[in-house]
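Heads up, the thing below is written out as structure tokens.
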Amino acid sequence: MAHKQDQILRTKFTERLCHWSIVVCFFLAATSGISWFFPTFSWMSNFLGTPQMARALHPFLGIAVFVGLCYMFKRFVHHNMPVRSDSIWFRNVKSVLLADHSKKLRIGKYNAGQKILFWLIMSSIVVLLLSGLVMWRAYFAEFFPIWMLRLAILAHSVAGIGLILLIMGHIYLAIWVRGSITGMVTGYVSKSWARQHHDRWAEELKAKESEKA
Ligand code: HEM
């Protein structure tokens with residue numbers, strides 16, 4: 001275990017709590033959704049007790065994911081705005097994939113790939129929420145014409161499967177970049193991790209530290 005002095009706070013407690021609560025709700029909402037979409041996976045609706053429970057709880061779990069993502073949006077959006085130096089990451093994506101950290105890529109708190117993922121996650125959840133409300137039989141579906149319900153079901157399916165695939169990629173990359181999951185669990189990453197993966201962010205933190213000193 002590295003010494004505390006070598007560690008930087010990357011993600012605050014409330015942000016981590018929100019992220020991992022989203023993970024639980026997303027897992028349950030996604031598996032119940034998949035259970036209705038692909039008959040081979042119908043057994044997945046039992047994660048919520050019974051298929052009836054899954055049917056009733058799925059929309060509420062989806063709303064919980066939306067609310068959690070609104071909080072994450074508020075906390076993280078300023079780190080995910082496109083900046084000029086993002087183009088360096090795109091031009092050097094090959095060396096990023098080969099885990100060659102010799103070049104200075106001027107990466108801020110999140111890299112250009114993470115930023116794209118951030119915006120795709122946020123757009124998918126908006127589509128899922130709006131289409132989900134339209135097709136929610138218990139409360140709203142009766143107020144909409146049938147063509148709108150059909151359109152909502154199509155949009156919900158595309159955005160749902162899209163978001164599940166994005167999250168699978170997100171999990172793969174989180175495992176691939178060693179140290180990032182620890183960062184999301186404990187909140188801390190090592191200074192060398194920060195320099196290696198987010199050089200501009202590490203420099204900015206160092207500058208702030210010396211300003212204080
Ligand atoms: C087992 C599942 C998951 C794992 C292991 C995981 C892991 C991580 C890690 C390690 C980070 C921090 C990355 C960094 O510090 O550079 C992160 C950030 C994030 N995760 Fe997850 N995550 C999971 C599921 C999810 C789900 C289901 C969602 C949303 C539906 C989500 C949304 C986010 C968002 C929005 C960020 C912030 C990224 C940014 O601001 O660019 N994650 N995740």
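Each chain in the structure tokens gets a letter, A, B, ..., in the order shown, and its residues are numbered from 1; ligands are numbered from 1 in order too.
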
Chain A near ligand 1 within 8 Å: what's each residue's closest atom pair and its distance in Å to one decimal, counting only C-alpha atoms and all ligand atoms, ordered by chain then ascending residue number, as a tab-separated table?
residue	atom	partner	partner_atom_place_in_ligand_line	distance
A:Arg10	CA	ligand 1	15 (O)	6.6
A:Thr11	CA	ligand 1	15 (O)	7.1
A:His19	CA	ligand 1	42 (N)	6.3
A:Trp20	CA	ligand 1	24 (C)	7.3
A:Ile22	CA	ligand 1	27 (C)	5.9
A:Val23	CA	ligand 1	27 (C)	4.3
A:Val24	CA	ligand 1	27 (C)	7.7
A:Phe26	CA	ligand 1	27 (C)	5.3
A:Phe27	CA	ligand 1	27 (C)	6.9
A:Val65	CA	ligand 1	30 (C)	6.7
A:Leu69	CA	ligand 1	35 (C)	6.6
A:Met72	CA	ligand 1	35 (C)	6.1
A:Phe73	CA	ligand 1	35 (C)	7.1
A:Phe76	CA	ligand 1	40 (O)	5.0
A:Val77	CA	ligand 1	40 (O)	6.8
A:His79	CA	ligand 1	40 (O)	6.7
A:Asn80	CA	ligand 1	41 (O)	5.8
A:Lys109	CA	ligand 1	16 (O)	7.2
A:Tyr110	CA	ligand 1	41 (O)	5.5
A:Asn111	CA	ligand 1	41 (O)	7.6
A:Gln114	CA	ligand 1	41 (O)	4.7
A:Lys115	CA	ligand 1	41 (O)	4.9
A:Ile116	CA	ligand 1	41 (O)	7.8
A:Leu117	CA	ligand 1	41 (O)	6.7
A:Phe118	CA	ligand 1	41 (O)	4.8
A:Ile121	CA	ligand 1	30 (C)	6.4
A:Met122	CA	ligand 1	35 (C)	7.6
A:Ile125	CA	ligand 1	30 (C)	7.9
A:Leu163	CA	ligand 1	30 (C)	7.4
A:Ile167	CA	ligand 1	27 (C)	5.8
A:Met168	CA	ligand 1	2 (C)	7.9
A:His170	CA	ligand 1	22 (N)	6.3
A:Ile171	CA	ligand 1	4 (C)	4.8
A:Tyr172	CA	ligand 1	5 (C)	7.9
A:Ala174	CA	ligand 1	10 (C)	4.8
A:Ile175	CA	ligand 1	5 (C)	6.9
A:Gly179	CA	ligand 1	10 (C)	7.9
A:Ser180	CA	ligand 1	10 (C)	4.4
A:Ile181	CA	ligand 1	10 (C)	3.8
A:Thr182	CA	ligand 1	10 (C)	7.0
A:Gly183	CA	ligand 1	15 (O)	6.0
A:Met184	CA	ligand 1	10 (C)	4.9
A:Val185	CA	ligand 1	10 (C)	7.8

Near Thr31 of chain A, counting only C-alpha atoms, which residues have an atom at most 12 Å away, once you skip same-chain residues fewer than 6 positions from it, shown as a count of residues only? 23

If you count only C-alpha atoms, which residues fall within 12 Å of Pro145 of chain A, apart from same-chain ones fewer than 5 positions away, as a list in words?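 Final neighbour list, sorted by chain and number: Val134, Met135, Phe140, Arg150, Leu151 and Ala152 of chain A.
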
Those same residues - C-alpha atoms - I'd like them written as an mmCIF file, in the first residue's frame.
data_model
loop_
_atom_site.group_PDB
_atom_site.id
_atom_site.type_symbol
_atom_site.label_atom_id
_atom_site.label_comp_id
_atom_site.auth_asym_id
_atom_site.auth_seq_id
_atom_site.Cartn_x
_atom_site.Cartn_y
_atom_site.Cartn_z
ATOM 1 C CA VAL A 134 -44.340 7.612 -22.553
ATOM 2 C CA MET A 135 -44.522 3.798 -22.479
ATOM 3 C CA PHE A 140 -48.802 7.608 -18.629
ATOM 4 C CA ARG A 150 -44.389 2.434 -30.800
ATOM 5 C CA LEU A 151 -41.763 5.104 -31.400
ATOM 6 C CA ALA A 152 -41.050 5.270 -27.653
#

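The closest residue to Trp193 of chain A, picked from A:Arg106, A:Ser35, A:Ala56, A:His101 and counting only C-alpha atoms, is A:His101.
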
Would you list the contacts of Leu128 of chain A as a short mmCIF file (atom, residue, chain, number, x, y, z; two decimals) with all heavy atoms, in the first residue's frame, taking every protein, DNA or RNA residue within 8 Å and counting only C-alpha atoms, but skipping same-chain residues closer than 6 positions in sequence?
data_model
loop_
_atom_site.label_atom_id
_atom_site.label_comp_id
_atom_site.auth_asym_id
_atom_site.auth_seq_id
_atom_site.Cartn_x
_atom_site.Cartn_y
_atom_site.Cartn_z
N ALA A 155 -37.27 3.62 -29.44
CA ALA A 155 -36.19 4.47 -28.90
C ALA A 155 -35.66 3.88 -27.59
O ALA A 155 -34.44 3.86 -27.35
CB ALA A 155 -36.73 5.88 -28.66
N HIS A 156 -36.56 3.37 -26.74
CA HIS A 156 -36.17 2.81 -25.45
C HIS A 156 -35.27 1.58 -25.65
O HIS A 156 -34.26 1.42 -24.97
CB HIS A 156 -37.42 2.43 -24.66
CG HIS A 156 -37.22 2.38 -23.17
ND1 HIS A 156 -37.12 3.51 -22.40
CD2 HIS A 156 -37.07 1.33 -22.30
CE1 HIS A 156 -36.94 3.16 -21.13
NE2 HIS A 156 -36.90 1.84 -21.04
N ALA A 159 -31.80 2.79 -27.17
CA ALA A 159 -30.99 3.49 -26.16
C ALA A 159 -30.58 2.53 -25.03
O ALA A 159 -29.47 2.62 -24.51
CB ALA A 159 -31.75 4.69 -25.60
N GLY A 160 -31.48 1.61 -24.68
CA GLY A 160 -31.18 0.66 -23.59
C GLY A 160 -30.04 -0.27 -23.97
O GLY A 160 -29.06 -0.42 -23.22
#

As number ranges by chain, please: all residues of segment 1-171 of chain A that backbone DSSP puts in helix (DSSP H, G or I). A: 4-6, 13-37, 39-48, 51-79, 86-91, 93-97, 112-134, 141-143, 146-171

Work out how far apart atom CA of Met53 of chain A and atom CA of Ala138 of chain A are and give it in Å to one decimal. 13.6 Å

Separation of atom CA of Ser102 of chain A from atom CA of Val83 of chain A, in Å and rounded to one decimal: 21.7 Å

My list of candidates is A:Thr40, A:Thr186, A:Leu97, A:Met148. Which is closest to Leu17 of chain A when distances are computed with only C-alpha atoms?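 For Leu17 of chain A, the nearest of the given residues is A:Thr186.
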
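Atom pair atom CA of Thr50 of chain A / atom CA of Ser157 of chain A has a distance of 21.9 Å (rounded to one decimal).
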
Which of these residues is nearest to Val127 of chain A, using only C-alpha atoms: A:Val158, A:Val189, A:Trp89, A:Leu98?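 Of the candidates, the smallest distance to Val127 of chain A is held by A:Val158.
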
Measuring atom to atom with only C-alpha atoms, identify which of A:Leu9, A:Leu105, A:Ile146, A:Leu129 is nearest to Phe60 of chain A.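 Among A:Leu9, A:Leu105, A:Ile146, A:Leu129, it is A:Leu129 that comes nearest to Phe60 of chain A.
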
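Distances to Arg200 of chain A were evaluated for A:Ile8, A:Ile107, A:Met81, A:Val93 using only C-alpha atoms, and the minimum falls at A:Ile107.
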